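Printed here is data-v6.pdb (PDB, C-alpha atoms):
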```
ATOM      1  CA  MET A   1     197.852 108.944  97.264
ATOM      2  CA  ALA A   2     194.364 109.431  95.889
ATOM      3  CA  VAL A   3     192.091 112.450  96.237
ATOM      4  CA  HIS A   4     188.397 111.538  95.908
ATOM      5  CA  VAL A   5     186.022 114.507  95.582
ATOM      6  CA  VAL A   6     182.334 113.969  96.382
ATOM      7  CA  LEU A   7     180.503 116.480  94.188
ATOM      8  CA  ASN A   8     177.006 117.399  93.072
ATOM      9  CA  GLN A   9     175.509 120.813  92.453
ATOM     10  CA  LYS A  10     172.396 119.698  94.344
ATOM     11  CA  GLY A  11     172.417 120.048  98.082
ATOM     12  CA  GLY A  12     171.023 117.280 100.247
ATOM     13  CA  VAL A  13     172.045 114.322  98.069
ATOM     14  CA  GLY A  14     174.365 112.900 100.728
ATOM     15  CA  LYS A  15     177.779 114.305  99.875
ATOM     16  CA  SER A  16     178.839 114.737 103.511
ATOM     17  CA  THR A  17     177.532 111.323 104.530
ATOM     18  CA  ILE A  18     179.261 109.586 101.631
ATOM     19  CA  ALA A  19     182.589 111.369 102.211
ATOM     20  CA  VAL A  20     182.659 110.538 105.923
ATOM     21  CA  ASN A  21     181.482 106.955 105.486
ATOM     22  CA  LEU A  22     183.958 106.217 102.693
ATOM     23  CA  ALA A  23     186.737 107.656 104.844
ATOM     24  CA  ALA A  24     185.650 105.449 107.754
ATOM     25  CA  VAL A  25     185.422 102.255 105.699
ATOM     26  CA  THR A  26     188.714 102.917 103.900
ATOM     27  CA  ALA A  27     190.436 103.635 107.203
ATOM     28  CA  ASP A  28     188.988 100.466 108.712
ATOM     29  CA  VAL A  29     190.317  98.374 105.824
ATOM     30  CA  LEU A  30     193.747 100.044 105.745
ATOM     31  CA  ASN A  31     194.134 100.065 109.536
ATOM     32  CA  HIS A  32     192.858  96.498 110.004
ATOM     33  CA  ASP A  33     195.979  94.873 111.467
ATOM     34  CA  ASP A  34     198.013  97.978 112.170
ATOM     35  CA  ASP A  35     199.157  99.445 115.430
ATOM     36  CA  PRO A  36     196.105 101.105 117.044
ATOM     37  CA  ASP A  37     198.307 104.032 118.057
ATOM     38  CA  ALA A  38     199.530 104.644 114.499
ATOM     39  CA  SER A  39     198.245 107.614 112.538
ATOM     40  CA  SER A  40     195.497 106.824 110.033
ATOM     41  CA  PRO A  41     196.378 106.956 106.319
ATOM     42  CA  VAL A  42     192.934 108.417 105.548
ATOM     43  CA  ALA A  43     191.603 111.967 105.769
ATOM     44  CA  ALA A  44     188.218 113.549 105.188
ATOM     45  CA  VAL A  45     188.391 117.206 104.202
ATOM     46  CA  SER A  46     185.344 119.447 104.132
ATOM     47  CA  VAL A  47     185.228 122.451 101.837
ATOM     48  CA  ASP A  48     181.547 122.925 102.615
ATOM     49  CA  PRO A  49     181.223 126.151 104.643
ATOM     50  CA  GLN A  50     178.264 124.560 106.470
ATOM     51  CA  GLY A  51     180.715 122.065 107.960
ATOM     52  CA  SER A  52     178.240 119.168 108.180
ATOM     53  CA  ALA A  53     180.935 116.485 107.972
ATOM     54  CA  VAL A  54     183.030 118.091 110.702
ATOM     55  CA  TRP A  55     179.936 118.668 112.854
ATOM     56  CA  TRP A  56     179.029 114.994 112.529
ATOM     57  CA  ALA A  57     182.570 113.776 113.193
ATOM     58  CA  ALA A  58     182.867 115.911 116.338
ATOM     59  CA  ARG A  59     180.172 113.746 117.894
ATOM     60  CA  ILE A  60     182.093 110.488 117.396
ATOM     61  CA  ASN A  61     184.857 109.302 119.688
ATOM     62  CA  ASP A  62     187.983 107.738 118.202
ATOM     63  CA  LEU A  63     187.447 108.401 114.509
ATOM     64  CA  PRO A  64     189.583 106.023 112.433
ATOM     65  CA  PHE A  65     190.557 108.885 110.097
ATOM     66  CA  HIS A  66     191.616 112.524 110.210
ATOM     67  CA  ILE A  67     189.003 115.203 109.531
ATOM     68  CA  VAL A  68     189.621 118.828 108.633
ATOM     69  CA  GLN A  69     187.447 121.830 107.773
ATOM     70  CA  ALA A  70     189.358 123.643 105.020
ATOM     71  CA  HIS A  71     186.900 125.673 102.944
ATOM     72  CA  ASP A  72     188.987 128.807 103.482
ATOM     73  CA  ASP A  73     192.482 127.299 103.031
ATOM     74  CA  LEU A  74     193.104 127.383  99.277
ATOM     75  CA  ASP A  75     196.867 126.920  99.649
ATOM     76  CA  GLY A  76     196.343 123.846 101.820
ATOM     77  CA  LEU A  77     193.770 122.460  99.393
ATOM     78  CA  LYS A  78     196.272 122.753  96.535
ATOM     79  CA  ARG A  79     198.511 120.335  98.451
ATOM     80  CA  LEU A  80     195.896 117.676  99.263
ATOM     81  CA  GLY A  81     197.741 115.158  97.114
ATOM     82  CA  GLU A  82     200.946 115.709  99.075
ATOM     83  CA  LEU A  83     199.808 115.060 102.648
ATOM     84  CA  PRO A  84     202.486 113.018 104.425
ATOM     85  CA  GLY A  85     201.341 109.595 105.565
ATOM     86  CA  ILE A  86     197.943 109.894 103.878
ATOM     87  CA  ALA A  87     196.905 107.375 101.211
ATOM     88  CA  HIS A  88     193.311 108.529 100.606
ATOM     89  CA  VAL A  89     191.573 111.889 100.968
ATOM     90  CA  TYR A  90     187.785 112.170 100.693
ATOM     91  CA  VAL A  91     186.609 115.724 100.034
ATOM     92  CA  ASP A  92     183.118 116.837 101.035
ATOM     93  CA  THR A  93     181.848 119.732  98.924
ATOM     94  CA  PRO A  94     178.908 122.133  99.113
ATOM     95  CA  GLY A  95     176.045 122.330  96.690
ATOM     96  CA  TRP A  96     175.931 125.525  94.664
ATOM     97  CA  ILE A  97     173.621 127.619  92.524
ATOM     98  CA  ASP A  98     174.559 128.284  88.905
ATOM     99  CA  LEU A  99     173.450 131.907  88.721
ATOM    100  CA  GLN A 100     174.349 132.152  85.039
ATOM    101  CA  ALA A 101     172.597 128.972  83.910
ATOM    102  CA  GLY A 102     171.896 130.193  80.374
ATOM    103  CA  ASP A 103     175.454 131.381  79.734
ATOM    104  CA  ASP A 104     177.576 128.507  78.399
ATOM    105  CA  THR A 105     180.721 130.660  78.538
ATOM    106  CA  ALA A 106     180.459 131.340  82.281
ATOM    107  CA  ASP A 107     182.177 129.153  84.851
ATOM    108  CA  PRO A 108     179.412 126.820  86.112
ATOM    109  CA  LEU A 109     180.921 126.913  89.600
ATOM    110  CA  GLY A 110     180.250 130.639  89.797
ATOM    111  CA  ARG A 111     182.258 133.129  91.833
ATOM    112  CA  GLY A 112     183.208 133.519  95.442
ATOM    113  CA  PRO A 113     185.133 131.600  98.103
ATOM    114  CA  ALA A 114     183.126 128.359  97.803
ATOM    115  CA  ALA A 115     183.589 128.335  94.020
ATOM    116  CA  ASP A 116     187.322 128.959  94.452
ATOM    117  CA  ALA A 117     187.589 126.010  96.854
ATOM    118  CA  LEU A 118     185.684 123.770  94.428
ATOM    119  CA  ARG A 119     188.008 124.703  91.562
ATOM    120  CA  VAL A 120     191.085 123.961  93.673
ATOM    121  CA  VAL A 121     189.908 120.532  94.861
ATOM    122  CA  LEU A 122     188.857 119.592  91.329
ATOM    123  CA  ASP A 123     192.328 120.585  90.104
ATOM    124  CA  VAL A 124     193.901 118.023  92.460
ATOM    125  CA  ALA A 125     191.174 115.341  92.214
ATOM    126  CA  ASP A 126     192.029 111.843  91.061
ATOM    127  CA  THR A 127     188.377 110.774  91.007
ATOM    128  CA  VAL A 128     184.967 112.321  91.550
ATOM    129  CA  ILE A 129     182.072 110.539  93.224
ATOM    130  CA  VAL A 130     178.707 111.958  92.131
ATOM    131  CA  PRO A 131     175.789 111.093  94.423
ATOM    132  CA  ILE A 132     172.314 111.058  92.921
ATOM    133  CA  GLU A 133     169.063 110.361  94.726
ATOM    134  CA  THR A 134     166.161 108.375  93.311
ATOM    135  CA  GLU A 135     164.209 111.607  92.970
ATOM    136  CA  PRO A 136     163.821 113.391  89.618
ATOM    137  CA  LEU A 137     164.649 116.694  91.371
ATOM    138  CA  SER A 138     168.266 115.539  91.554
ATOM    139  CA  PHE A 139     168.528 114.508  87.889
ATOM    140  CA  ASP A 140     169.104 117.919  86.262
ATOM    141  CA  PRO A 141     171.646 119.175  88.828
ATOM    142  CA  THR A 142     173.510 115.877  88.492
ATOM    143  CA  ALA A 143     173.570 116.235  84.709
ATOM    144  CA  ARG A 144     174.887 119.800  84.982
ATOM    145  CA  THR A 145     177.544 118.703  87.482
ATOM    146  CA  ILE A 146     178.803 116.011  85.143
ATOM    147  CA  THR A 147     178.513 117.764  81.770
ATOM    148  CA  LYS A 148     179.549 121.277  82.790
ATOM    149  CA  VAL A 149     182.054 120.628  85.582
ATOM    150  CA  ILE A 150     183.524 117.114  85.613
ATOM    151  CA  GLU A 151     183.668 116.006  81.973
ATOM    152  CA  PRO A 152     185.282 119.242  80.687
ATOM    153  CA  ARG A 153     188.075 118.695  83.231
ATOM    154  CA  GLY A 154     188.583 115.078  82.148
ATOM    155  CA  ILE A 155     188.405 113.725  85.702
ATOM    156  CA  PRO A 156     187.318 110.083  86.065
ATOM    157  CA  TYR A 157     184.018 109.839  87.923
ATOM    158  CA  THR A 158     181.400 107.404  89.173
ATOM    159  CA  VAL A 159     177.737 108.079  89.873
ATOM    160  CA  VAL A 160     176.463 106.602  93.152
ATOM    161  CA  ILE A 161     172.746 106.118  93.727
ATOM    162  CA  ASN A 162     172.121 107.268  97.271
ATOM    163  CA  ASN A 163     169.311 107.358  99.804
ATOM    164  CA  TRP A 164     167.080 104.737  98.187
ATOM    165  CA  ASP A 165     164.754 102.933 100.574
ATOM    166  CA  ALA A 166     163.980  99.354  99.498
ATOM    167  CA  ARG A 167     160.623  99.593 101.271
ATOM    168  CA  ASP A 168     159.543 102.032  98.553
ATOM    169  CA  GLY A 169     159.880  99.378  95.852
ATOM    170  CA  SER A 170     162.268  99.361  92.923
ATOM    171  CA  HIS A 171     160.489 101.707  90.486
ATOM    172  CA  ASP A 172     162.408 104.872  91.503
ATOM    173  CA  LEU A 173     165.683 102.949  91.685
ATOM    174  CA  ASP A 174     165.155 101.455  88.226
ATOM    175  CA  GLU A 175     164.188 104.871  86.822
ATOM    176  CA  THR A 176     167.355 106.410  88.275
ATOM    177  CA  LYS A 177     169.560 103.617  86.916
ATOM    178  CA  GLU A 178     168.001 104.078  83.475
ATOM    179  CA  PHE A 179     168.609 107.831  83.618
ATOM    180  CA  VAL A 180     172.273 107.274  84.499
ATOM    181  CA  LYS A 181     172.771 104.571  81.860
ATOM    182  CA  ALA A 182     170.943 106.601  79.167
ATOM    183  CA  ASN A 183     173.464 109.377  79.720
ATOM    184  CA  GLY A 184     176.386 106.952  79.462
ATOM    185  CA  TRP A 185     177.667 107.685  82.956
ATOM    186  CA  PRO A 186     179.549 105.079  84.985
ATOM    187  CA  LEU A 187     177.424 103.689  87.800
TER     188      LEU A 187
END
```
Conversion result in structure tokens:
Amino acid sequence: MAVHVVLNQKGGVGKSTIAVNLAAVTADVLNHDDDPDASSPVAAVSVDPQGSAVWWAARINDLPFHIVQAHDDLDGLKRLGELPGIAHVYVDTPGWIDLQAGDDTADPLGRGPAADALRVVLDVADTVIVPIETEPLSFDPTARTITKVIEPRGIPYTVVINNWDARDGSHDLDETKEFVKANGWPL
């Protein structure tokens, strides 16, 4: 069983899309030769109160994975690693605003129900996937996510460059790769 949390403080970097697509691809690989009536060993769980992943999934027939909106089920989130018959869980998370940005002693996730859900899923995470776009506006929130939230918890993570359009040329992609590498983050 592996719990993969897709996390970035910045909204709009593709967390929901990545979580749902990774769940779909993983389910396709794991279900390849199995009984089509068997239950999928993959789940996507949204703790984003906006529910974008669940909204998207509701428009697709015959999803190859389970999907659940669970932003308000802290007890259930604590047991994500114990779901019977599930081999992989992909967790979609919301972006958030660090209201106490200058205070290094404050919890960077803040307070409130969304922050509580983020803390719980990070407590059970095996890995974190950090999407970053090829736009400098996503660089600082990504850095804060990694240095203030993920690294202090010691959770393995990978940065994924997302939403790059090859028609725009490689300059922004190269700049983003250099930013990630300069910080020593796994790409």
Worksheet item: Near stretch 128-132 of chain A, counting all atoms listed in the file, which residues have an atom at most 9 Å away, once you skip same-chain residues fewer than 3 positions from it, shown as a PyMOL selection string?
Response: chain A and resi 3-8+10+13-15+18+122+125+135+138-139+142+145-146+150+155-163+176
Worksheet entry | Expansion of the PyMOL selection byres ((chain A and resi 179) around 12) into residues, as a ChimeraX atom specification | /A:132-136,138-140,142-143,159,161,172-178,180-187
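With only C-alpha atoms as the atoms that count, the minimum distance from A:Ile67 to the choices A:Val20, A:Leu83, A:Leu137, A:Ala27 is reached by A:Val20.
Surrounding stretch 37-41 of chain A within 8 Å are Ala27, Leu30, Asn31, Pro64, Phe65, His66, Gly85, Ile86, Ala87 and His88 of chain A, with only C-alpha atoms counted and residues fewer than 5 positions along the same chain left out.
Interatomic distance, atom CA of A:Pro49 to atom CA of A:His71: 5.9 Å.
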Response to the item:
Using all atoms listed in the file, the shortest atom-to-atom distance to A:Asp75 among A:Asp28, A:Asp165, A:Asp116, A:Asp48 belongs to A:Asp116
Worksheet item: What lies within 9 Å of stretch 51-58 of chain A using all atoms listed in the file, ignoring chain neighbours under 5 positions off, as a list in words?
Response: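 Within the cut-off, the hits are Lys15, Ser16, Thr17, Ala19, Val20, Ala44, Val45, Ser46, Leu63, Ile67, Val68, Gln69, His71 and Asp92 of chain A.
For A:Leu77, the non-local neighbours within 9 Å, defined as residues at least 5 positions apart in the same chain or in other chains and counting all atoms listed in the file, are Val45, Val47, Ala70, His71, Asp72, Ala117, Val120, Val121 and Val124 of chain A.
Closest approach to A:Pro141 from the set A:Gly81, A:Pro108, A:Pro113, A:Gly76 is made by A:Pro108, with distances taken over all atoms listed in the file.
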Worksheet item: Of the candidates A:Val42, A:Gln9, A:Ala166, A:Val91, which one gets nearest to A:Val25 if we count all atoms listed in the file?
Response: A:Val42
Worksheet item: Interatomic distance between atom CA of A:Trp96 and atom CA of A:Arg79?
Response: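 Separating atom CA of A:Trp96 from atom CA of A:Arg79 is a distance of 23.5 Å.
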Discussion item. Considering all atoms listed in the file, can you say which of A:Ala23, A:Ile97, A:Thr127, A:Arg119 comes closest to A:Arg144?
Written reply: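 Looking at the shortest contact to A:Arg144, the residue is A:Ile97.
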Fill in: Separation of atom CA of A:Tyr90 from atom CA of A:Asp126 in Å
10.5 Å
